[in-house]
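These notes concern the structure reproduced below.
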Amino acid sequence: MSDATILQQEIAVEQEHVDRVYARLAELRQDASRAERDGYRMAGVGTYGALVERDAMVFHAARRRHALDTEYEGLVFGRLDLTTEAVHYVGRMGIRDQDSQPLVVDWRAPAAAAFYRATPADPMGVVRRRMIQSSREKVTGIEDDLLDPDAAPDGMRVVGDGALLASLSKATGTGMRDIVATIQREQDDAIRSPASGVTIVTGGPGTGKTAVALHRAAYLLYSDRSRFAGGGILVVGPSGVFVTYIATVLPSLGEETATLRSLGSLVVGYSATRTDPTDVAAVKGSLRMRKVLERASHDAVPGAPDELRLLYRGTLLRLGRADLDKIRRAALPRGARRNEVRGAGFDRVFDALWSQARQHRVAGLPEKRDFEAELADRGDFRDFLKAWWPRLTPARVLEWLREPARLRSYATGILSRTEIAALEGRFGPEPTIADVALLDELDELLGRPRRAQKKKVNPFHVRDGIQEVTTQSDRMAAARAQAVERDDDYRDYAHVVVDEAQDVSPMQWRMIGRRGQYASWTIVGDPAQTAWSGDPGELDRARERALGTRKRNTYALTTNYRNSSEIFAVAASVIRTIMPDLPLPTAVRSTGVEPVDLVVAAGQLPDAVREVAEKQLADVDGTIGVIAPVPRRDEVASWLTGLPERVQVVTAIEAKGMEYDAVVLVGPGEIAVDPSGVRTLYVALSRATQRLTTVGTDPGWLPDPVRESAPR
């Protein structure tokens with residue numbers, strides 16, 4: 001029976017239980033609405049006692065109905081199969097059937113603790129933990145962890161990565177069992193790393209780094225919920241594709257507490273998906289760009305008036321370009337934030353005009369305060385000030401770098417001529433992923449005008465002097481709700497998870513660091529997969545500055561259980577060409593299916609790629625990733641129009657952190673053009689779990705020993 005058939009059958013099993021839960025939920029909602037209506041009818045009795053009883057009855061019925069309504073989406077998100085043969089479903093709230101038997105255990109209840117805390121090293125009486133994904137009332141996916149294989153009854157099905165570990169653990173001989181135990185122990189140690197400080201998890205492709213990071217987030221939220229739910233957990237991934245992927249596999253946490261962001265969407269108002277060429281990304285990601293941006297943030301505004309002429313009581317008052325530049329520089333010394341010292345600039349303009357008026361002995365010149373008030377009432381003067389020193393946005397200042405002359409003016413002496421030339425024409429109307437970190441830096445350099453503090457509203461306030469009567473638990477719930485209210489640009493997270501950390505540039509580390517100044521951290525990555533082509537020392541310094549002096553706890557994952565040994569052998573041979581001494585994970589699974597390398601003429605490439613994709617659709621039941629060189633993504637996607645949704649076209653950069661049942665890699669020779677490209681190719685070659693086919697026009701990308709043995 002195929003894996004897809006087993007998955008569908010297990011989804012059907014869970015759907016049957018979920019249907020029972022929602023049917024019971026509908027009954028409870030009807031009961032709550034009926035109780036609320038009955039409470040209102042009690043007012044007809046006409047006594048004060050009846051009115052009090054009505055208020056209490058209506059209040060509690062309405063609160064129950066509200067809870068049933070708000071917890072509707074994704075109500076059931078977990079299942080525990082215990083060694084006692086009992087089964088507990090875990091969800092957002094507890095629900096019992098008409099016989100008072102639990103249909104769903106509230107995630108906060110002690111009986112649900114094992115869903116978050118159980119691990120293979122300490123299963124806590126759990127044989128299988130199942131995470132259930134759903135959309136409203138429909139179960140859309142499940143993912144299993146087999147925590148205690150020895151206690152699993154015959155016929156217990158395990159799907160997802162847990163199925164792989166289960167099959168490995170049941171393999172003949174004790175050697176494979178030892179390997180599985182090692183995998184589980186490595187991951188468990190990292191998941192349970194101390195909550196404070198920095199947890200660093202390294203490992204090659206397929207070692208489960210992302211799974212460790214996400215399970216660690218769940219573990220921290222459960223073990224110290226007041227700290228991590230109150231402060232929030234931020235999970236940062238390399239791309240929007242990756243964040244969408246982890247959003248579907250992230251274990252349900254019972255409430256929306258983890259914030260998922262890509263590097264291109266970490267700054268409010270932006271969702272960048274475009275990438276820069278490697279050399280351009282290296283320049284934009286360098287810490288030297290901060291000095292370039294600082295110069296820009298202090299420069300005169302393009303198109304701003306360079307002269308002020310005012311006729312005041314018959315006397316012409318004039319400030320020329322030199323005067324205005326002098327005032328701007330005096331009001332904006334190095335380190336000052338332009339938007340925050342705007343008032344100081346205006347004050348200096350008033351001072352300069354007052355001084356001129358006195359020098360010209362203006363007839364009837366009032367006191368300085370009245371003089372300033374007269375000028376402030378003039379529309380032409382107000383228009384000048386707004387145009388000369390406007391409130392600047394990061395996007396507006398970054399636009400100035402589109403002009404070659406300005407770019408050279410800001411960058412000369414900081415960047416080389418070659419680097420400046422590489423940046424010319426690279427600041428378009430839509431920001432790239434690397435630009436988002438520059439926008440965040442400009443936001444820091446420009447500053448923001450002070451805003452009045454928002455007054456928090458007491459949710460139980462009725463009118464002056466009157467508070468709604470509530471229970472202590474109501475007040476605690478309201479306090480918690482207010483505590484987790486966060487600004488759009490929230491920066492005080494309690495914990496920050498950075499996945500694929502090897503791809504974070506120095507400027508991006510500064511961007512993430514601003515949001516984790518008071519946080520503990522989990523850093524997950526593989527140096528061999530880095531796309532960073534800039535100065536490694538600068539990268540290390542930026543990362544260490546972001547992490548601060550917090551204690552480091554380091555863990556290494558050494559076993560690749562995603563790729564078959566046949567597939568990983570090809571990926572390993574490629575990365576060895578530039579990193580011959582790199583420690584690589586061990587792929588413990590063999591399928592006997594060798595990767596295929598197809599070399600075709602350029603004109604045949606579209607038909608060949610489509611033919612291979614269609615063959616993979618027949619060979620595997622799951623997803624097929626068609627990985628293309630970055631500049632050719634849309635072109636390759638056009639070749640595959642009309643194929644099922646499980647064929648997903650991504651770039652070699654977007655493929656980071658992803659995995660597919662089969663991979664069709666287009667143009668491997670176009671990717672491996674330099675050491676950075678070789679590392680990117682290594683990533684692309686290690687995404688497949690079952691089938692790998694490379695299709696290109698250049699046979700020279702494979703190392704010689706592999707080329708000689710590769711099927712054609």
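Naming scheme: A, B, ... for chains in displayed order of the structure tokens; residues 1 onward per chain; ligands 1 onward as shown.
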Q: From the DSSP assignment of the backbone, select every residue of region 312-377 of chain A that is helix (DSSP H, G or I), and format the answer as a PyMOL selection string.
A: chain A and resi 321-331+338-340+342-359+368-376
Q.
Residues near Arg408 (chain A), anyone? I mean within 10 Å using only C-alpha atoms, not counting same-chain ones fewer than 6 positions away, as a list of chain:residue names.
A.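 Neighbouring residues, sequence-local ones excluded: A:Val292, A:Leu401, A:Ile414, A:Leu415, A:Arg417, A:Ile420, A:Ala421, A:Leu423, A:Glu424.
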Q: With a distance cut-off of 12 Å and only C-alpha atoms, select the neighbouring residues of Val683 (chain A), excluding the residue or stretch itself and same-chain residues fewer than 2 positions from it, and output the selection as a PyMOL selection string.
A: chain A and resi 204-206+500+503+526-531+563+567-568+570-572+574-575+627+651-659+663+665+668+671-672+676-681+685-688
Expected file contents, prior selection, C-alpha atoms, as a compact mmCIF listing (two decimals), in the first residue's frame:
```txt
# COMPACT_ATOMS: atom_id res chain seq x y z
CA GLY A 204 23.89 19.01 7.20
CA PRO A 205 20.91 18.45 4.92
CA GLY A 206 18.15 16.21 6.21
CA GLU A 500 18.84 28.65 7.82
CA ASP A 503 22.23 32.78 4.89
CA ASP A 526 24.66 24.59 8.16
CA PRO A 527 27.77 26.61 7.17
CA ALA A 528 28.23 24.42 4.07
CA GLN A 529 24.91 25.66 2.67
CA THR A 530 25.64 29.37 2.98
CA ALA A 531 24.94 31.68 0.05
CA ASN A 563 17.97 11.69 1.53
CA ILE A 567 20.99 10.89 -3.63
CA PHE A 568 23.23 12.29 -0.91
CA VAL A 570 25.83 13.12 -5.51
CA ALA A 571 25.28 16.17 -3.27
CA ALA A 572 28.32 15.24 -1.18
CA VAL A 574 29.64 18.41 -5.34
CA ILE A 575 30.34 20.14 -2.01
CA ILE A 627 14.22 23.69 -8.90
CA THR A 651 14.40 28.77 -7.30
CA ALA A 652 17.54 27.20 -5.93
CA ILE A 653 17.45 29.87 -3.20
CA GLU A 654 13.79 29.31 -2.31
CA ALA A 655 14.43 25.55 -2.02
CA LYS A 656 16.49 26.09 1.14
CA GLY A 657 14.94 24.33 4.10
CA MET A 658 12.41 22.55 1.88
CA GLU A 659 12.04 18.87 1.03
CA VAL A 663 13.20 16.77 -7.43
CA LEU A 665 16.79 20.12 -10.98
CA PRO A 668 22.74 22.53 -12.51
CA ILE A 671 23.96 27.34 -10.72
CA ALA A 672 27.49 26.15 -9.94
CA SER A 676 28.72 30.33 -3.63
CA GLY A 677 26.89 28.70 -6.52
CA VAL A 678 28.40 25.31 -5.67
CA ARG A 679 27.00 25.61 -2.14
CA THR A 680 23.60 26.54 -3.55
CA LEU A 681 23.75 23.52 -5.89
CA LEU A 685 20.69 18.36 -4.77
CA SER A 686 19.79 17.43 -1.18
CA ARG A 687 16.07 18.32 -1.23
CA ALA A 688 14.71 14.96 -2.52
```
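Between Asp443 (chain A) and the residues A:Gln616, A:Val267, A:Arg369, A:Tyr312, the shortest atom-to-atom distance, using only C-alpha atoms, involves A:Val267.
Minimum atom-to-atom distances from A:Gln356, A:Arg545, A:Gly125, A:Ala114 to Ala218 (chain A) were compared using only C-alpha atoms, and the lowest value belongs to A:Ala114.
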Considering only strand (DSSP E or B) as DSSP defines it on the backbone, what residues of region 304-379 of chain A qualify? List them as a PDB file with N, CA, C and O atoms, in the first residue's frame.
```
ATOM      1  N   LEU A 308      15.571  80.501   0.741  1.00  0.00           N
ATOM      2  CA  LEU A 308      14.365  81.010   1.393  1.00  0.00           C
ATOM      3  C   LEU A 308      14.346  82.532   1.257  1.00  0.00           C
ATOM      4  O   LEU A 308      15.303  83.208   1.668  1.00  0.00           O
ATOM      5  N   ARG A 309      13.280  83.065   0.661  1.00  0.00           N
ATOM      6  CA  ARG A 309      13.119  84.518   0.512  1.00  0.00           C
ATOM      7  C   ARG A 309      11.764  84.905   1.112  1.00  0.00           C
ATOM      8  O   ARG A 309      10.720  84.403   0.690  1.00  0.00           O
ATOM      9  N   LEU A 310      11.796  85.766   2.115  1.00  0.00           N
ATOM     10  CA  LEU A 310      10.575  86.211   2.795  1.00  0.00           C
ATOM     11  C   LEU A 310      10.555  87.738   2.873  1.00  0.00           C
ATOM     12  O   LEU A 310      11.545  88.367   3.295  1.00  0.00           O
ATOM     13  N   LEU A 311       9.452  88.312   2.461  1.00  0.00           N
ATOM     14  CA  LEU A 311       9.279  89.757   2.621  1.00  0.00           C
ATOM     15  C   LEU A 311       8.545  89.979   3.941  1.00  0.00           C
ATOM     16  O   LEU A 311       7.379  89.613   4.085  1.00  0.00           O
ATOM     17  N   TYR A 312       9.273  90.566   4.897  1.00  0.00           N
ATOM     18  CA  TYR A 312       8.704  90.749   6.238  1.00  0.00           C
ATOM     19  C   TYR A 312       8.704  92.236   6.569  1.00  0.00           C
ATOM     20  O   TYR A 312       9.767  92.858   6.708  1.00  0.00           O
ATOM     21  N   THR A 315      10.845  94.337   4.454  1.00  0.00           N
ATOM     22  CA  THR A 315      12.265  93.970   4.396  1.00  0.00           C
ATOM     23  C   THR A 315      12.397  92.539   3.883  1.00  0.00           C
ATOM     24  O   THR A 315      11.684  91.639   4.337  1.00  0.00           O
ATOM     25  N   LEU A 316      13.332  92.323   2.925  1.00  0.00           N
ATOM     26  CA  LEU A 316      13.564  90.983   2.375  1.00  0.00           C
ATOM     27  C   LEU A 316      14.524  90.219   3.283  1.00  0.00           C
ATOM     28  O   LEU A 316      15.669  90.648   3.495  1.00  0.00           O
ATOM     29  N   LEU A 317      14.042  89.094   3.813  1.00  0.00           N
ATOM     30  CA  LEU A 317      14.898  88.195   4.593  1.00  0.00           C
ATOM     31  C   LEU A 317      15.248  87.020   3.693  1.00  0.00           C
ATOM     32  O   LEU A 317      14.360  86.414   3.067  1.00  0.00           O
ATOM     33  N   ARG A 318      16.525  86.672   3.637  1.00  0.00           N
ATOM     34  CA  ARG A 318      16.973  85.643   2.681  1.00  0.00           C
ATOM     35  C   ARG A 318      17.980  84.702   3.311  1.00  0.00           C
ATOM     36  O   ARG A 318      18.915  85.134   3.993  1.00  0.00           O
ATOM     37  N   LEU A 319      17.763  83.386   3.073  1.00  0.00           N
ATOM     38  CA  LEU A 319      18.743  82.352   3.448  1.00  0.00           C
ATOM     39  C   LEU A 319      19.093  81.590   2.183  1.00  0.00           C
ATOM     40  O   LEU A 319      18.223  81.002   1.535  1.00  0.00           O
TER      41      LEU A 319
END
```
Q.
Could you check the closest approach to Thr554 (chain A) for each of A:Gly642, A:Pro431, A:Gly203, A:Gly516 and tell me which residue wins, using only C-alpha atoms?
A.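 That would be A:Gly203, the residue with the smallest distance to Thr554 (chain A).
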Within 12 Å of Ala662 (chain A), counting only C-alpha atoms, which residues show up once you throw out same-chain ones fewer than 6 positions away? Write them as a CSV table (one decimal) with N, CA, C and O atoms, in the first residue's frame, please.
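Printed below is selection_38.csv as written:
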```csv
chain,number,residue,atom,x,y,z
A,562,ARG,N,16.7,12.3,5.6
A,562,ARG,CA,15.9,12.8,4.5
A,562,ARG,C,16.2,12.1,3.2
A,562,ARG,O,15.4,11.5,2.5
A,563,ASN,N,17.5,12.2,2.8
A,563,ASN,CA,18.0,11.7,1.5
A,563,ASN,C,18.3,10.2,1.6
A,563,ASN,O,18.8,9.7,2.6
A,564,SER,N,18.1,9.5,0.5
A,564,SER,CA,18.7,8.2,0.4
A,564,SER,C,20.2,8.3,0.2
A,564,SER,O,20.7,9.4,-0.2
A,567,ILE,N,21.2,9.5,-3.3
A,567,ILE,CA,21.0,10.9,-3.6
A,567,ILE,C,22.0,11.7,-2.9
A,567,ILE,O,22.7,12.6,-3.5
A,593,VAL,N,17.7,3.3,-5.8
A,593,VAL,CA,17.3,4.1,-7.0
A,593,VAL,C,18.4,5.2,-7.1
A,593,VAL,O,18.5,6.0,-6.3
A,595,PRO,N,20.2,8.5,-8.7
A,595,PRO,CA,19.8,9.7,-9.4
A,595,PRO,C,20.1,9.7,-10.9
A,595,PRO,O,21.0,8.9,-11.3
A,596,VAL,N,19.4,10.4,-11.7
A,596,VAL,CA,19.5,10.4,-13.1
A,596,VAL,C,20.0,11.8,-13.6
A,596,VAL,O,19.4,12.8,-13.2
A,612,VAL,N,10.1,14.8,-17.7
A,612,VAL,CA,10.6,14.3,-16.5
A,612,VAL,C,9.7,14.6,-15.3
A,612,VAL,O,9.4,13.7,-14.5
A,613,ALA,N,9.1,15.8,-15.3
A,613,ALA,CA,8.1,16.1,-14.2
A,613,ALA,C,6.9,15.2,-14.3
A,613,ALA,O,6.4,14.7,-13.3
A,614,GLU,N,6.4,14.9,-15.5
A,614,GLU,CA,5.3,14.0,-15.7
A,614,GLU,C,5.6,12.6,-15.2
A,614,GLU,O,4.8,11.9,-14.6
A,615,LYS,N,6.8,12.2,-15.5
A,615,LYS,CA,7.3,10.8,-15.0
A,615,LYS,C,7.3,10.8,-13.5
A,615,LYS,O,6.9,9.8,-12.9
A,616,GLN,N,7.8,11.8,-12.9
A,616,GLN,CA,7.9,11.9,-11.4
A,616,GLN,C,6.5,11.8,-10.8
A,616,GLN,O,6.3,11.2,-9.7
A,617,LEU,N,5.5,12.5,-11.5
A,617,LEU,CA,4.2,12.4,-11.0
A,617,LEU,C,3.6,11.0,-10.9
A,617,LEU,O,2.9,10.6,-10.0
A,618,ALA,N,4.1,10.1,-11.9
A,618,ALA,CA,3.7,8.7,-11.9
A,618,ALA,C,4.5,7.9,-10.9
A,618,ALA,O,4.0,6.9,-10.3
A,619,ASP,N,5.7,8.3,-10.6
A,619,ASP,CA,6.6,7.5,-9.8
A,619,ASP,C,6.4,7.7,-8.3
A,619,ASP,O,6.6,6.8,-7.5
A,620,VAL,N,6.0,9.0,-7.9
A,620,VAL,CA,5.8,9.2,-6.4
A,620,VAL,C,4.4,9.8,-6.2
A,620,VAL,O,3.8,10.4,-7.1
A,621,ASP,N,4.0,9.7,-4.9
A,621,ASP,CA,2.6,10.1,-4.6
A,621,ASP,C,2.6,11.6,-4.0
A,621,ASP,O,1.6,12.2,-3.9
A,622,GLY,N,3.8,12.0,-3.6
A,622,GLY,CA,3.9,13.3,-2.9
A,622,GLY,C,4.2,14.5,-3.8
A,622,GLY,O,3.9,14.5,-5.0
A,623,THR,N,4.9,15.5,-3.2
A,623,THR,CA,5.3,16.7,-4.0
A,623,THR,C,6.5,16.5,-4.9
A,623,THR,O,7.4,15.7,-4.5
A,624,ILE,N,6.5,17.2,-6.0
A,624,ILE,CA,7.6,17.2,-6.9
A,624,ILE,C,8.1,18.7,-7.0
A,624,ILE,O,7.4,19.6,-7.3
A,625,GLY,N,9.4,18.9,-6.5
A,625,GLY,CA,10.0,20.2,-6.6
A,625,GLY,C,10.8,20.3,-7.9
A,625,GLY,O,11.7,19.6,-8.1
A,626,VAL,N,10.4,21.3,-8.7
A,626,VAL,CA,11.2,21.6,-9.9
A,626,VAL,C,12.0,22.8,-9.5
A,626,VAL,O,11.5,23.9,-9.3
A,627,ILE,N,13.3,22.6,-9.4
A,627,ILE,CA,14.2,23.7,-8.9
A,627,ILE,C,15.0,24.3,-10.1
A,627,ILE,O,15.6,23.6,-10.8
A,646,ARG,N,0.8,19.6,-7.0
A,646,ARG,CA,1.9,19.0,-6.3
A,646,ARG,C,3.2,19.2,-7.0
A,646,ARG,O,4.3,18.8,-6.5
A,647,VAL,N,3.2,19.7,-8.2
A,647,VAL,CA,4.4,20.1,-8.9
A,647,VAL,C,4.7,21.6,-8.6
A,647,VAL,O,3.9,22.5,-8.9
A,648,GLN,N,5.7,21.8,-7.8
A,648,GLN,CA,6.0,23.2,-7.3
A,648,GLN,C,7.3,23.7,-7.9
A,648,GLN,O,8.4,23.0,-7.7
A,684,ALA,N,20.3,22.3,-3.4
A,684,ALA,CA,19.3,21.9,-4.4
A,684,ALA,C,19.3,20.4,-4.5
A,684,ALA,O,18.3,19.7,-4.7
A,685,LEU,N,20.5,19.8,-4.6
A,685,LEU,CA,20.7,18.4,-4.8
A,685,LEU,C,20.3,17.5,-3.6
A,685,LEU,O,20.0,16.3,-3.7
A,686,SER,N,20.1,18.2,-2.4
A,686,SER,CA,19.8,17.4,-1.2
A,686,SER,C,18.4,17.7,-0.7
A,686,SER,O,18.1,17.5,0.5
A,687,ARG,N,17.5,18.1,-1.6
A,687,ARG,CA,16.1,18.3,-1.2
A,687,ARG,C,15.2,17.1,-1.4
A,687,ARG,O,14.1,17.1,-0.8
A,688,ALA,N,15.6,16.1,-2.2
A,688,ALA,CA,14.7,15.0,-2.5
A,688,ALA,C,14.8,13.8,-1.5
A,688,ALA,O,15.9,13.5,-1.0
A,689,THR,N,13.6,13.2,-1.2
A,689,THR,CA,13.6,12.1,-0.4
A,689,THR,C,13.6,10.7,-1.1
A,689,THR,O,14.1,9.7,-0.6
A,690,GLN,N,13.1,10.7,-2.4
A,690,GLN,CA,13.0,9.5,-3.1
A,690,GLN,C,13.6,9.5,-4.5
A,690,GLN,O,14.3,8.6,-4.9
A,691,ARG,N,13.4,10.6,-5.3
A,691,ARG,CA,13.9,10.6,-6.7
A,691,ARG,C,14.6,11.9,-7.0
A,691,ARG,O,14.1,13.0,-6.5
A,692,LEU,N,15.7,11.8,-7.7
A,692,LEU,CA,16.4,13.0,-8.1
A,692,LEU,C,16.8,12.9,-9.6
A,692,LEU,O,17.4,11.9,-10.0
A,693,THR,N,16.4,13.9,-10.4
A,693,THR,CA,16.7,13.9,-11.8
A,693,THR,C,17.3,15.3,-12.1
A,693,THR,O,16.6,16.3,-11.8
A,694,THR,N,18.4,15.4,-12.7
A,694,THR,CA,19.0,16.7,-13.1
A,694,THR,C,18.9,16.8,-14.6
A,694,THR,O,19.2,15.8,-15.4
```
Q | Residue neighbourhood Thr559 (chain A), 7 Å, only C-alpha atoms, exclusion window fewer than 3 positions, as a ChimeraX atom specification | A | /A:183,207,585-587
Q: Determine the nearest neighbour of Ala602 (chain A) from the options A:Asn339, A:Thr697, A:Thr432, A:Thr83, counting only C-alpha atoms.
A: A:Thr697
Q.
As an exercise, work out the distance from CA of Leu263 (chain A) to CA of Pro583 (chain A) in Å and give it to one decimal place.
A. 28.1 Å
Q.
Can you pull out the residues contacting Gly696 (chain A)? Cut-off 10 Å, using only C-alpha atoms, and skip same-chain residues under 6 positions away; I want them as JSON, numbers by chain.
A. {"A": [597, 598, 599, 600, 601, 602, 604, 605, 608, 609, 665, 666, 667, 668, 669, 670]}
Prev. selection, N, CA, C and O atoms, output as an mmCIF file, in the first residue's frame:
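Wrote again05.cif, looks like this:
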```
data_model
loop_
_atom_site.group_PDB
_atom_site.id
_atom_site.type_symbol
_atom_site.label_atom_id
_atom_site.label_comp_id
_atom_site.auth_asym_id
_atom_site.auth_seq_id
_atom_site.Cartn_x
_atom_site.Cartn_y
_atom_site.Cartn_z
ATOM 1 N N ASP A 597 20.984 11.805 -14.486
ATOM 2 C CA ASP A 597 21.479 13.061 -15.052
ATOM 3 C C ASP A 597 21.190 13.069 -16.547
ATOM 4 O O ASP A 597 21.708 12.225 -17.293
ATOM 5 N N LEU A 598 20.356 14.009 -17.007
ATOM 6 C CA LEU A 598 20.013 14.116 -18.429
ATOM 7 C C LEU A 598 20.686 15.347 -19.015
ATOM 8 O O LEU A 598 20.574 16.453 -18.467
ATOM 9 N N VAL A 599 21.364 15.152 -20.126
ATOM 10 C CA VAL A 599 21.991 16.260 -20.851
ATOM 11 C C VAL A 599 21.321 16.343 -22.215
ATOM 12 O O VAL A 599 21.319 15.374 -22.973
ATOM 13 N N VAL A 600 20.734 17.502 -22.524
ATOM 14 C CA VAL A 600 19.997 17.674 -23.773
ATOM 15 C C VAL A 600 20.445 18.955 -24.454
ATOM 16 O O VAL A 600 21.113 19.809 -23.850
ATOM 17 N N ALA A 601 20.067 19.102 -25.727
ATOM 18 C CA ALA A 601 20.323 20.345 -26.448
ATOM 19 C C ALA A 601 19.444 21.445 -25.872
ATOM 20 O O ALA A 601 18.367 21.186 -25.330
ATOM 21 N N ALA A 602 19.896 22.693 -26.017
ATOM 22 C CA ALA A 602 19.171 23.820 -25.420
ATOM 23 C C ALA A 602 17.721 23.878 -25.885
ATOM 24 O O ALA A 602 16.816 24.150 -25.093
ATOM 25 N N GLN A 604 15.813 21.502 -26.655
ATOM 26 C CA GLN A 604 15.033 20.376 -26.141
ATOM 27 C C GLN A 604 14.744 20.481 -24.645
ATOM 28 O O GLN A 604 14.001 19.670 -24.100
ATOM 29 N N LEU A 605 15.336 21.476 -23.992
ATOM 30 C CA LEU A 605 15.245 21.556 -22.535
ATOM 31 C C LEU A 605 13.798 21.680 -22.032
ATOM 32 O O LEU A 605 13.401 20.949 -21.112
ATOM 33 N N ALA A 608 12.050 18.323 -22.295
ATOM 34 C CA ALA A 608 12.682 17.327 -21.428
ATOM 35 C C ALA A 608 12.268 17.535 -19.977
ATOM 36 O O ALA A 608 11.974 16.576 -19.248
ATOM 37 N N VAL A 609 12.229 18.797 -19.519
ATOM 38 C CA VAL A 609 11.851 19.082 -18.135
ATOM 39 C C VAL A 609 10.401 18.667 -17.891
ATOM 40 O O VAL A 609 10.082 18.044 -16.873
ATOM 41 N N LEU A 665 15.883 18.982 -11.090
ATOM 42 C CA LEU A 665 16.793 20.120 -10.982
ATOM 43 C C LEU A 665 17.185 20.574 -12.386
ATOM 44 O O LEU A 665 17.816 19.831 -13.135
ATOM 45 N N VAL A 666 16.814 21.800 -12.716
ATOM 46 C CA VAL A 666 17.036 22.334 -14.060
ATOM 47 C C VAL A 666 18.317 23.164 -14.097
ATOM 48 O O VAL A 666 18.511 24.054 -13.264
ATOM 49 N N GLY A 667 19.183 22.856 -15.065
ATOM 50 C CA GLY A 667 20.384 23.662 -15.280
ATOM 51 C C GLY A 667 21.358 23.670 -14.135
ATOM 52 O O GLY A 667 21.748 24.758 -13.691
ATOM 53 N N PRO A 668 21.783 22.512 -13.637
ATOM 54 C CA PRO A 668 22.737 22.532 -12.514
ATOM 55 C C PRO A 668 24.028 23.265 -12.848
ATOM 56 O O PRO A 668 24.623 23.909 -11.978
ATOM 57 N N GLY A 669 24.449 23.180 -14.113
ATOM 58 C CA GLY A 669 25.675 23.872 -14.510
ATOM 59 C C GLY A 669 25.548 25.375 -14.461
ATOM 60 O O GLY A 669 26.545 26.092 -14.286
ATOM 61 N N GLU A 670 24.314 25.899 -14.589
ATOM 62 C CA GLU A 670 24.091 27.341 -14.518
ATOM 63 C C GLU A 670 24.147 27.847 -13.080
ATOM 64 O O GLU A 670 24.341 29.045 -12.840
#
```
For region 138-146 of chain A, find every residue with an atom within 7 Å (counting only C-alpha atoms), except residues of its own chain fewer than 6 positions away, and show them as a PDB file with N, CA and C atoms, in the first residue's frame.
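As a result, selection.pdb now contains:
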```
ATOM      1  N   ILE A  11      -6.019  10.063   7.682  1.00  0.00           N
ATOM      2  CA  ILE A  11      -6.755  11.329   7.730  1.00  0.00           C
ATOM      3  C   ILE A  11      -8.246  11.059   7.904  1.00  0.00           C
ATOM      4  N   GLN A  15     -10.675  12.410  10.707  1.00  0.00           N
ATOM      5  CA  GLN A  15     -11.822  13.200  10.305  1.00  0.00           C
ATOM      6  C   GLN A  15     -13.094  12.712  11.001  1.00  0.00           C
ATOM      7  N   VAL A 127       3.185   6.455  23.132  1.00  0.00           N
ATOM      8  CA  VAL A 127       3.723   5.624  22.050  1.00  0.00           C
ATOM      9  C   VAL A 127       3.826   6.446  20.771  1.00  0.00           C
ATOM     10  N   ARG A 128       2.740   7.101  20.407  1.00  0.00           N
ATOM     11  CA  ARG A 128       2.712   7.897  19.182  1.00  0.00           C
ATOM     12  C   ARG A 128       2.080   9.248  19.466  1.00  0.00           C
ATOM     13  N   ARG A 129       2.741  10.301  19.004  1.00  0.00           N
ATOM     14  CA  ARG A 129       2.185  11.650  19.086  1.00  0.00           C
ATOM     15  C   ARG A 129       1.833  12.075  17.661  1.00  0.00           C
ATOM     16  N   ARG A 130       0.604  12.489  17.487  1.00  0.00           N
ATOM     17  CA  ARG A 130       0.143  12.874  16.146  1.00  0.00           C
ATOM     18  C   ARG A 130      -0.279  14.338  16.160  1.00  0.00           C
ATOM     19  N   MET A 131       0.252  15.109  15.229  1.00  0.00           N
ATOM     20  CA  MET A 131      -0.161  16.499  15.057  1.00  0.00           C
ATOM     21  C   MET A 131      -1.137  16.568  13.891  1.00  0.00           C
ATOM     22  N   ILE A 132      -2.270  17.193  14.122  1.00  0.00           N
ATOM     23  CA  ILE A 132      -3.374  17.218  13.154  1.00  0.00           C
ATOM     24  C   ILE A 132      -3.518  18.636  12.615  1.00  0.00           C
ATOM     25  N   VAL A 158       2.267   4.941  11.145  1.00  0.00           N
ATOM     26  CA  VAL A 158       2.987   6.177  11.432  1.00  0.00           C
ATOM     27  C   VAL A 158       3.271   6.858  10.105  1.00  0.00           C
ATOM     28  N   VAL A 159       2.908   8.132   9.984  1.00  0.00           N
ATOM     29  CA  VAL A 159       3.080   8.858   8.736  1.00  0.00           C
ATOM     30  C   VAL A 159       3.998  10.052   8.952  1.00  0.00           C
ATOM     31  N   GLY A 160       4.560  10.546   7.843  1.00  0.00           N
ATOM     32  CA  GLY A 160       5.485  11.667   7.924  1.00  0.00           C
ATOM     33  C   GLY A 160       6.890  11.191   8.260  1.00  0.00           C
ATOM     34  N   GLY A 162       8.094  10.657  11.049  1.00  0.00           N
ATOM     35  CA  GLY A 162       8.032   9.624  12.077  1.00  0.00           C
ATOM     36  C   GLY A 162       7.969   8.237  11.485  1.00  0.00           C
ATOM     37  N   ALA A 166      10.408   5.123  12.259  1.00  0.00           N
ATOM     38  CA  ALA A 166       9.822   3.855  12.677  1.00  0.00           C
ATOM     39  C   ALA A 166      10.355   2.709  11.834  1.00  0.00           C
TER      40      ALA A 166
END
```
